[in-house]
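J.: Please find protein_18.cif (mmCIF, C-alpha atoms) on the next line:
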data_model
#
loop_
_atom_site.label_atom_id
_atom_site.label_comp_id
_atom_site.auth_asym_id
_atom_site.auth_seq_id
_atom_site.Cartn_x
_atom_site.Cartn_y
_atom_site.Cartn_z
CA MET A 526 -51.70 97.15 114.99
CA ASN A 527 -52.90 98.36 118.40
CA GLN A 528 -50.88 98.66 121.61
CA GLU A 529 -52.02 95.23 122.92
CA GLU A 530 -50.97 93.45 119.74
CA LEU A 531 -47.70 95.36 119.71
CA LYS A 532 -47.00 94.27 123.31
CA SER A 533 -47.96 90.64 122.76
CA ARG A 534 -45.88 90.28 119.57
CA TYR A 535 -42.81 92.29 120.55
CA GLY A 536 -42.92 92.62 124.42
CA ASN A 537 -40.92 89.49 125.26
CA LEU A 538 -38.55 89.96 122.35
CA VAL A 539 -37.68 93.52 123.47
CA LEU A 540 -37.32 92.36 127.08
CA ASN A 541 -34.88 89.58 126.06
CA LEU A 542 -32.97 92.08 123.95
CA SER A 543 -32.67 94.54 126.83
CA VAL A 544 -31.55 91.76 129.28
CA ALA A 545 -28.83 90.67 126.83
CA LEU A 546 -27.73 94.31 126.41
CA GLU A 547 -27.52 94.82 130.19
CA ALA A 548 -25.53 91.60 130.57
CA GLY A 549 -23.19 92.61 127.71
CA ASP A 550 -23.92 89.23 126.04
CA GLU A 551 -23.18 90.11 122.43
CA LYS A 552 -24.22 86.75 120.95
CA ALA A 553 -27.57 86.72 122.76
CA PHE A 554 -28.12 90.40 121.86
CA PHE A 555 -27.80 89.79 118.11
CA THR A 556 -29.89 86.58 118.27
CA HIS A 557 -32.77 88.49 119.89
CA LEU A 558 -32.34 91.43 117.50
CA GLY A 559 -32.64 88.93 114.59
CA ALA A 560 -35.79 87.49 116.15
CA ILE A 561 -37.35 90.97 116.29
CA ALA A 562 -36.47 91.62 112.62
CA ARG A 563 -37.99 88.22 111.55
CA GLU A 564 -41.18 88.96 113.46
CA ARG A 565 -41.53 92.27 111.65
CA ASP A 566 -40.79 90.70 108.20
CA ASP A 567 -43.32 87.85 108.72
CA GLY A 568 -46.04 90.43 109.36
CA LEU A 569 -45.11 92.31 106.22
CA TRP A 570 -45.20 89.16 104.08
CA ALA A 571 -48.58 88.16 105.48
CA GLN A 572 -49.92 91.62 104.65
CA LEU A 573 -48.48 91.42 101.14
CA ARG A 574 -49.97 87.96 100.55
CA LYS A 575 -53.37 89.20 101.68
CA LEU A 576 -53.12 92.26 99.42
CA THR A 577 -52.21 90.06 96.43
CA THR A 578 -55.14 87.71 97.05
CA ASP A 579 -57.52 90.65 97.43
CA LEU A 580 -56.25 92.16 94.22
CA GLY A 581 -56.71 88.84 92.38
CA SER A 582 -60.29 88.49 93.61
CA ALA A 583 -61.06 92.09 92.71
CA LEU A 584 -59.75 91.55 89.20
CA GLU A 585 -61.76 88.35 88.76
CA ARG A 586 -64.87 90.04 90.05
CA PHE A 587 -64.25 92.99 87.76
CA GLN A 588 -63.89 90.65 84.77
CA LEU A 589 -67.14 88.87 85.62
CA ASP A 590 -68.92 92.12 86.45
CA SER A 591 -67.99 93.75 83.17
CA ARG A 592 -69.04 90.63 81.22
CA LEU A 593 -72.36 90.63 83.10
CA VAL A 594 -72.87 94.33 82.36
CA ASP A 595 -72.17 93.63 78.70
CA LEU A 596 -74.63 90.71 78.74
CA ALA A 597 -77.33 92.69 80.52
CA GLU A 598 -76.96 95.94 78.59
CA LYS A 599 -76.29 94.71 75.09
CA GLU A 600 -76.54 91.02 74.40
CA VAL A 601 -79.79 90.19 76.21
CA PRO A 602 -81.70 93.08 74.54
CA ASP A 603 -80.10 92.03 71.23
CA ALA A 604 -81.33 88.48 71.82
CA LYS A 605 -84.85 89.80 72.36
CA HIS A 606 -84.70 91.58 69.00
CA ARG A 607 -83.37 88.41 67.38
CA LEU A 608 -86.25 86.36 68.79
CA ASP A 609 -88.72 89.02 67.62
CA TYR A 610 -87.22 88.67 64.18
CA VAL A 611 -87.61 84.87 64.36
CA MET A 612 -91.29 85.33 65.20
CA LYS A 613 -91.72 87.71 62.28
CA MET A 614 -89.92 85.32 59.94
CA THR A 615 -91.94 82.26 61.00
CA ASP A 616 -95.15 84.30 60.78
CA GLU A 617 -94.34 85.41 57.23
CA ALA A 618 -93.37 81.89 56.15
CA ALA A 619 -96.57 80.41 57.60
CA HIS A 620 -98.72 83.04 55.88
CA LYS A 621 -96.92 82.65 52.60
CA THR A 622 -97.41 78.87 52.73
CA MET A 623 -101.11 79.23 53.59
CA ASP A 624 -101.62 81.87 50.88
CA LEU A 625 -100.19 79.47 48.32
CA VAL A 626 -102.29 76.57 49.60
CA GLU A 627 -105.43 78.74 49.49
CA GLN A 628 -104.56 79.83 45.98
CA SER A 629 -103.85 76.27 44.80
CA GLY A 630 -106.94 74.57 46.26
CA PRO A 631 -109.46 76.27 43.91
CA LEU A 632 -107.18 75.66 40.89
CA ALA A 633 -107.13 71.92 41.59
CA GLY A 634 -110.88 72.06 42.28
CA ARG A 635 -111.57 73.70 38.91
CA ILE A 636 -109.61 71.05 36.99
CA SER A 637 -111.49 68.35 38.84
CA SER A 638 -114.97 69.79 38.18
CA ASP A 639 -114.19 70.55 34.49
CA ALA A 640 -112.95 66.96 34.06
CA GLU A 641 -116.15 65.69 35.63
CA LYS A 642 -118.29 67.69 33.17
CA LEU A 643 -116.25 66.40 30.25
CA ALA A 644 -116.49 62.84 31.53
CA ALA A 645 -120.27 62.83 30.96
CA LEU A 646 -119.87 63.85 27.29
CA TRP A 647 -116.92 61.46 26.95
CA GLU A 648 -119.08 58.60 28.21
CA GLN A 649 -121.73 59.39 25.55
CA PHE A 650 -118.99 59.34 22.93
CA ARG A 651 -117.57 56.01 24.14
CA THR A 652 -120.98 54.39 24.12
CA ARG A 653 -121.73 55.92 20.71
CA GLN A 654 -124.76 57.72 21.98
CA ILE A 655 -123.48 61.19 21.21
CA THR A 656 -125.27 63.55 18.84
CA PRO A 657 -123.25 65.51 16.23
CA GLU A 658 -123.91 68.76 18.16
CA ALA A 659 -122.80 67.18 21.42
CA PHE A 660 -119.69 65.82 19.70
CA ARG A 661 -118.75 69.31 18.45
CA ASP A 662 -119.37 70.57 21.98
CA LEU A 663 -117.09 67.84 23.34
CA LEU A 664 -114.27 68.81 20.95
CA ASP A 665 -114.54 72.50 21.86
CA LYS A 666 -114.61 71.76 25.56
CA MET A 667 -111.69 69.35 25.23
CA ASP A 668 -109.59 72.06 23.55
CA VAL A 669 -110.33 74.54 26.32
CA PHE A 670 -109.80 71.90 29.01
CA LEU A 671 -106.42 70.73 27.72
CA ASP A 672 -105.24 74.32 27.49
CA ASP A 673 -106.46 75.06 30.97
CA VAL A 674 -104.87 71.92 32.47
CA ARG A 675 -101.54 72.86 30.95
CA VAL A 676 -101.63 76.44 32.31
CA THR A 677 -103.13 75.55 35.68
CA SER A 678 -100.83 72.63 36.43
CA GLU A 679 -97.87 74.87 35.63
CA GLN A 680 -99.25 77.40 38.12
CA LEU A 681 -99.68 74.62 40.71
CA ARG A 682 -96.11 73.48 40.13
CA ARG A 683 -94.87 77.06 40.67
CA ASN A 684 -96.93 77.37 43.85
CA LEU A 685 -95.48 74.12 45.19
CA ALA A 686 -91.95 75.33 44.42
CA GLU A 687 -92.69 78.53 46.37
CA VAL A 688 -94.04 76.49 49.29
CA LEU A 689 -90.75 74.60 49.25
CA MET A 690 -88.68 77.79 49.26
CA ALA A 691 -90.75 79.27 52.08
CA GLN A 692 -89.52 76.42 54.34
CA GLY A 693 -86.06 78.01 54.30
CA TYR A 694 -87.17 79.97 57.38
CA GLN A 695 -86.49 76.88 59.48
CA ASP A 696 -82.75 77.05 58.79
CA LEU A 697 -82.51 80.82 59.26
CA SER A 698 -84.60 80.96 62.43
CA GLY A 699 -82.82 77.84 63.74
CA GLN A 700 -79.44 79.54 63.42
CA ILE A 701 -80.69 82.60 65.31
CA ILE A 702 -82.27 80.49 68.07
CA ARG A 703 -79.05 78.50 68.41
CA GLY A 704 -77.20 81.80 68.99
CA VAL A 705 -79.68 82.78 71.70
CA ILE A 706 -79.34 79.37 73.40
CA LYS A 707 -75.56 79.93 73.55
CA LEU A 708 -76.16 83.32 75.14
CA VAL A 709 -78.50 81.88 77.78
CA ASP A 710 -75.86 79.25 78.46
CA GLU A 711 -73.25 81.93 78.99
CA VAL A 712 -75.49 83.98 81.29
CA GLU A 713 -76.05 80.84 83.37
CA ILE A 714 -72.33 80.07 83.62
CA THR A 715 -71.34 83.68 84.35
CA LEU A 716 -73.95 84.00 87.09
CA GLY A 717 -72.81 80.65 88.51
CA GLN A 718 -69.22 81.86 88.58
CA LEU A 719 -70.25 85.06 90.31
CA VAL A 720 -72.10 83.11 93.01
CA HIS A 721 -69.08 80.84 93.38
CA LEU A 722 -66.75 83.82 93.69
CA ALA A 723 -69.00 85.51 96.23
CA THR A 724 -69.11 82.40 98.40
CA SER A 725 -65.56 81.10 98.11
CA GLN A 726 -63.56 84.08 96.87
CA SER A 727 -61.59 81.72 94.69
CA GLY A 728 -60.85 80.16 91.40
CA ALA A 729 -63.51 81.28 88.93
CA GLN A 730 -62.54 82.42 85.48
CA ALA A 731 -64.63 84.12 82.86
CA SER A 732 -65.01 81.79 79.93
CA SER A 733 -66.68 84.15 77.54
CA ASP A 734 -63.99 83.65 74.91
CA LYS A 735 -65.23 80.12 74.38
CA PHE A 736 -68.63 81.53 73.47
CA ARG A 737 -67.33 84.33 71.33
CA GLU A 738 -65.39 81.89 69.24
CA SER A 739 -67.07 82.23 65.91
CA ARG A 740 -68.05 79.68 63.36
CA GLY A 741 -69.88 82.41 61.54
CA HIS A 742 -72.36 84.94 62.78
CA GLY A 743 -75.66 83.49 61.56
CA PRO A 744 -78.26 85.43 59.59
CA ALA A 745 -78.10 89.22 59.70
CA VAL A 746 -80.99 90.64 61.74
CA PRO A 747 -82.40 93.95 60.43
CA GLY A 748 -81.83 96.78 62.90
CA LEU A 749 -79.04 94.89 64.70
CA ASP A 750 -76.53 93.73 62.13
CA ASN A 751 -76.02 96.70 59.88
CA GLY A 752 -72.72 98.30 58.98
CA ALA A 753 -70.42 95.70 57.48
CA VAL A 754 -73.27 93.49 56.29
CA VAL A 755 -74.11 93.22 52.58
CA ASN A 756 -77.54 94.21 51.41
CA GLY A 757 -78.73 91.20 49.43
CA GLN A 758 -77.43 89.10 46.54
CA GLN A 759 -76.75 92.09 44.25
CA ASP A 760 -74.32 93.54 46.79
CA ILE A 761 -72.50 90.22 46.97
CA ASP A 762 -72.32 89.91 43.20
CA ALA A 763 -70.85 93.42 42.97
CA LEU A 764 -68.35 92.66 45.74
CA LEU A 765 -67.27 89.38 44.15
CA SER A 766 -66.99 90.81 40.66
CA GLY A 767 -64.69 93.44 42.18
CA LEU A 768 -62.57 90.51 43.39
CA GLY A 769 -62.52 88.96 39.93
CA LEU A 770 -65.17 86.27 40.52
CA MET B 1316 -74.49 71.21 30.36
CA SER B 1317 -74.28 67.64 31.58
CA LYS B 1318 -77.09 66.62 33.88
CA ASP B 1319 -75.02 63.70 35.17
CA LEU B 1320 -73.06 65.94 37.53
CA ARG B 1321 -72.84 64.54 41.05
CA PHE B 1322 -73.58 67.15 43.72
CA LEU B 1323 -72.80 67.17 47.43
CA VAL B 1324 -75.03 69.46 49.51
CA VAL B 1325 -73.61 70.30 52.95
CA ASP B 1326 -75.87 72.00 55.49
CA ASP B 1327 -76.60 71.21 59.15
CA PHE B 1328 -80.33 71.89 58.65
CA SER B 1329 -82.04 68.97 56.94
CA THR B 1330 -84.86 71.26 55.74
CA MET B 1331 -82.36 73.37 53.79
CA ARG B 1332 -80.72 70.23 52.34
CA ARG B 1333 -84.13 69.08 51.11
CA ILE B 1334 -84.88 72.47 49.57
CA ILE B 1335 -81.57 72.53 47.68
CA LYS B 1336 -81.95 68.90 46.64
CA ASN B 1337 -85.44 69.59 45.29
CA LEU B 1338 -84.24 72.64 43.38
CA LEU B 1339 -81.39 70.63 41.86
CA HIS B 1340 -83.88 67.92 40.85
CA ASP B 1341 -86.04 70.61 39.19
CA LEU B 1342 -82.97 71.72 37.26
CA GLY B 1343 -82.50 68.14 36.08
CA TYR B 1344 -79.69 67.08 38.43
CA GLN B 1345 -80.78 63.80 39.95
CA ASN B 1346 -77.49 62.76 41.56
CA VAL B 1347 -77.34 64.62 44.88
CA ALA B 1348 -75.61 63.43 48.06
CA GLU B 1349 -75.93 65.13 51.45
CA ALA B 1350 -73.75 65.81 54.49
CA ASP B 1351 -74.43 67.80 57.65
CA ASP B 1352 -71.03 69.41 58.17
CA GLY B 1353 -67.48 69.51 56.87
CA ASN B 1354 -66.36 66.49 58.87
CA THR B 1355 -68.92 64.22 57.24
CA ALA B 1356 -68.54 65.90 53.85
CA LEU B 1357 -64.79 65.52 53.49
CA PRO B 1358 -64.67 61.68 53.38
CA LEU B 1359 -67.47 61.71 50.78
CA LEU B 1360 -65.50 64.17 48.68
CA GLN B 1361 -62.27 62.22 49.11
CA ALA B 1362 -64.02 59.03 48.00
CA GLY B 1363 -64.05 60.74 44.60
CA ASN B 1364 -67.71 60.51 43.60
CA ILE B 1365 -68.58 64.21 43.69
CA ASP B 1366 -68.31 66.81 40.92
CA PHE B 1367 -69.82 69.88 42.57
CA LEU B 1368 -69.92 71.04 46.19
CA ILE B 1369 -72.64 73.30 47.63
CA THR B 1370 -71.96 74.20 51.25
CA ASP B 1371 -73.34 76.27 54.09
CA TRP B 1372 -70.88 78.25 56.24
CA ASN B 1373 -72.18 78.21 59.80
CA MET B 1374 -72.24 74.56 60.94
CA PRO B 1375 -71.24 72.78 64.13
CA GLY B 1376 -68.26 70.49 63.66
CA MET B 1377 -66.34 71.69 60.63
CA PRO B 1378 -67.76 74.95 59.24
CA GLY B 1379 -68.02 75.60 55.51
CA LEU B 1380 -65.01 77.89 55.24
CA GLU B 1381 -62.75 75.23 56.74
CA LEU B 1382 -64.24 72.65 54.40
CA LEU B 1383 -63.50 74.95 51.46
CA LYS B 1384 -59.90 75.38 52.65
CA ALA B 1385 -59.53 71.61 53.13
CA VAL B 1386 -60.85 71.01 49.59
CA ARG B 1387 -58.46 73.55 48.08
CA ALA B 1388 -55.56 72.06 50.06
CA ASP B 1389 -56.20 68.52 48.78
CA PRO B 1390 -54.49 68.03 45.38
CA LYS B 1391 -57.22 65.58 44.28
CA LEU B 1392 -60.05 68.00 45.14
CA ALA B 1393 -58.38 71.38 44.60
CA LYS B 1394 -60.26 72.10 41.35
CA MET B 1395 -63.71 71.11 42.64
CA PRO B 1396 -66.30 73.85 41.98
CA VAL B 1397 -67.61 75.14 45.30
CA LEU B 1398 -70.71 77.26 45.79
CA MET B 1399 -71.26 78.73 49.23
CA LEU B 1400 -74.93 79.03 50.14
CA THR B 1401 -75.17 80.76 53.49
CA ALA B 1402 -76.78 83.42 55.66
CA GLU B 1403 -73.35 84.85 56.51
CA ALA B 1404 -73.56 88.39 55.20
CA LYS B 1405 -70.52 90.29 56.45
CA ARG B 1406 -68.38 91.82 53.72
CA GLU B 1407 -65.18 90.59 55.33
CA GLN B 1408 -66.53 87.02 55.30
CA ILE B 1409 -67.38 87.17 51.61
CA VAL B 1410 -63.90 88.49 50.87
CA GLU B 1411 -62.43 85.72 53.06
CA ALA B 1412 -64.41 83.07 51.17
CA ALA B 1413 -63.29 84.54 47.84
CA GLN B 1414 -59.67 84.50 49.00
CA ALA B 1415 -60.08 80.87 50.10
CA GLY B 1416 -61.13 80.04 46.53
CA VAL B 1417 -64.92 79.88 46.50
CA ASN B 1418 -66.46 79.86 43.00
CA GLY B 1419 -69.81 81.42 43.90
CA TYR B 1420 -71.60 82.87 46.93
CA VAL B 1421 -75.39 82.86 47.39
CA ILE B 1422 -76.96 84.55 50.38
CA LYS B 1423 -79.94 83.04 52.23
CA PRO B 1424 -82.83 83.54 51.85
CA PHE B 1425 -82.34 82.91 48.14
CA THR B 1426 -84.49 82.19 45.09
CA ALA B 1427 -84.48 79.23 42.70
CA VAL B 1428 -83.52 81.65 39.92
CA THR B 1429 -80.44 82.90 41.81
CA LEU B 1430 -79.26 79.35 42.51
CA LYS B 1431 -79.65 78.39 38.86
CA GLU B 1432 -77.83 81.53 37.68
CA LYS B 1433 -74.84 80.93 39.94
CA LEU B 1434 -74.64 77.22 39.10
CA ASP B 1435 -74.77 77.97 35.37
CA LYS B 1436 -72.17 80.72 35.71
CA ILE B 1437 -69.72 78.41 37.52
CA LEU B 1438 -70.30 75.54 35.07
CA GLU B 1439 -69.92 77.83 32.04
CA ALA B 1440 -66.67 79.27 33.41
CA ARG B 1441 -65.34 75.74 33.92
CA ALA B 1442 -66.41 74.62 30.45
CA ALA B 1443 -64.66 77.67 28.96
CA ALA B 1444 -61.47 76.94 30.95
CA LYS B 1445 -61.20 73.39 29.61
#
Go through the file and emit its structure as structure tokens.
T.:
Amino acid sequence: MNQEELKSRYGNLVLNLSVALEAGDEKAFFTHLGAIARERDDGLWAQLRKLTTDLGSALERFQLDSRLVDLAEKEVPDAKHRLDYVMKMTDEAAHKTMDLVEQSGPLAGRISSDAEKLAALWEQFRTRQITPEAFRDLLDKMDVFLDDVRVTSEQLRRNLAEVLMAQGYQDLSGQIIRGVIKLVDEVEITLGQLVHLATSQSGAQASSDKFRESRGHGPAVPGLDNGAVVNGQQDIDALLSGLGL
Amino acid sequence: MSKDLRFLVVDDFSTMRRIIKNLLHDLGYQNVAEADDGNTALPLLQAGNIDFLITDWNMPGMPGLELLKAVRADPKLAKMPVLMLTAEAKREQIVEAAQAGVNGYVIKPFTAVTLKEKLDKILEARAAAK
């Protein structure tokens, strides 16, 4: 407080006090002394209130700042790795599916063309125009064909089952993407709160707990989720058999 | 092993439900119902038409672990065989699921052979217990 402020706040009060003292007016003296004490206390309270508010804002800002630092330094780079992993996973699944389709096409084609060749001989047989040599040829070819159809259709069935399994990537990548969407959501809210705090100096609260609440962690991403994560089904079986399952 | 068993497959991703349903069909189980989280699964289970529960863990709404706990807490469902089929891979989670009473745990991505092995193991253990 400078001299001017001191004079304006206490000048009159001190003057009244000194007049009452000169006049020997005890009642007036103590009234004015009380007024001086109240003036001083009000200033102290105002200072204290301001300090408390400042401290509150600083704490809020610190909370938001440290969450933002955490987001920027750890979780956003993590999210990039997770998305890279999604790309790798979708790429592998697409290639696996196409490999199987490319493998299966010629198998189906071979059955079809062999059946076509047999159909010509079969037609001769049906119309009783087949020679004994051609009939023996038909029987031999039919044996080979039936064998081949059995083996090839089994292979096609296996390929289709693998195509089916390869679609599991959609669930795994979906879970990872959902996690990243949550993170983007949190970055948006935290930045919004920071802007709000900077402009109004009031009321914002970090809500990161809501986002950390876990319904599970989603698929483990190699290079990020090591440590306490099991390494495949065998690990789980060993762990569970240790627990009596 | 009876092929008349009625399965309930719970997963929030419809692609995964289709995969599991197809695999069960290949194994000869034709009776397969579906639900997309614990909240929709529980009424189906309580209606009493399900013999075997296969559930994911990480689902919006009611996650698989809570569904498992709800099943074990319901006297009518408490003995239902439950197989968890999930990408959740933390050791502490697997222990938690075991403590909550899961009968088998298969990690995604999985193979048709693994699913069959675990199903057979659970069904054999139940047949032996009877």
J.: For the structure provided, state which residues fall under the PyMOL selection byres ((chain B) within 8 of (chain A)), and present them as a list in words.
T.: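 Written out, the selection comes to Phe1328, Thr1330, Met1331, Ile1334, Trp1372, Asn1373, Met1374, Pro1375, Pro1378, Ala1402, Glu1403, Ala1404, Lys1405, Arg1406, Glu1407, Ile1409, Val1410, Ala1413, Asn1418, Gly1419, Tyr1420, Val1421, Ile1422, Lys1423, Pro1424, Thr1426 and Ala1427 of chain B.
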J.: What does the PyMOL selection byres ((chain A and resi 609) around 12) select in this file, as a list in words?
T.: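 Given this file, the PyMOL selection byres ((chain A and resi 609) around 12) evaluates to Pro602, Asp603, Ala604, Lys605, His606, Arg607, Leu608, Tyr610, Val611, Met612, Lys613, Met614, Thr615, Asp616, Ser698, Ile701, Ile702, Val705, Val746, Pro747, Gly748 and Leu749 of chain A.
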J.: On this structure, the PyMOL selection byres ((chain A and resi 643) around 12) would catch which residues? List them as a list in words, sorted by chain and number.
T.: Ile636, Ser637, Ser638, Asp639, Ala640, Glu641, Lys642, Ala644, Ala645, Leu646, Trp647, Glu648, Gln649, Phe650, Ala659, Phe660, Asp662, Leu663, Leu664, Asp665, Lys666, Met667, Asp668, Val669, Phe670 and Leu671 of chain A
J.: What does the distance between atom CA of Glu530 of chain A and atom CA of Gly568 of chain A come to in Å, to one decimal place?
T.: 11.9 Å
J.: Name all residues at most 12 Å from Arg1321 of chain B (count only C-alpha atoms; drop same-chain ones fewer than 3 positions away) and give them as a ChimeraX atom specification.
T.: /B:1317-1318,1324,1336,1339-1340,1343-1349,1359-1360,1363-1369,1395-1396
J.: Excluding Leu716 of chain A and any residue of its chain fewer than 5 positions from it, enumerate the residues within 10 Å of it, using all atoms listed in the file, and give them as a list in words.
T.: Leu589, Asp590, Leu593, Glu711, His721 and Leu722 of chain A
J.: Given the choices B:Leu1320, B:Leu1357, B:Leu1398, B:Val1325, which gets closest to Ala1385 of chain B if the distance is worked out from only C-alpha atoms?
T.: B:Leu1357
J.: What does the distance between atom CA of Lys599 of chain A and atom CA of Gly704 of chain A come to in Å, to one decimal place?
T.: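 Computing the Euclidean distance for atom CA of Lys599 of chain A and atom CA of Gly704 of chain A yields 14.3 Å.
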J.: To one decimal place in Å, what is the distance between atom CA of Arg1387 of chain B and atom CA of Phe1322 of chain B?
T.: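 Spanning atom CA of Arg1387 of chain B to atom CA of Phe1322 of chain B is a straight-line distance of 17.0 Å.
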J.: Counting all atoms listed in the file, figure out which residue out of B:Val1397, B:Leu1323, B:Ala1442, B:Met1377 gets nearest to Gly1416 of chain B.
T.: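 Nearest candidate to Gly1416 of chain B out of B:Val1397, B:Leu1323, B:Ala1442, B:Met1377: B:Val1397.
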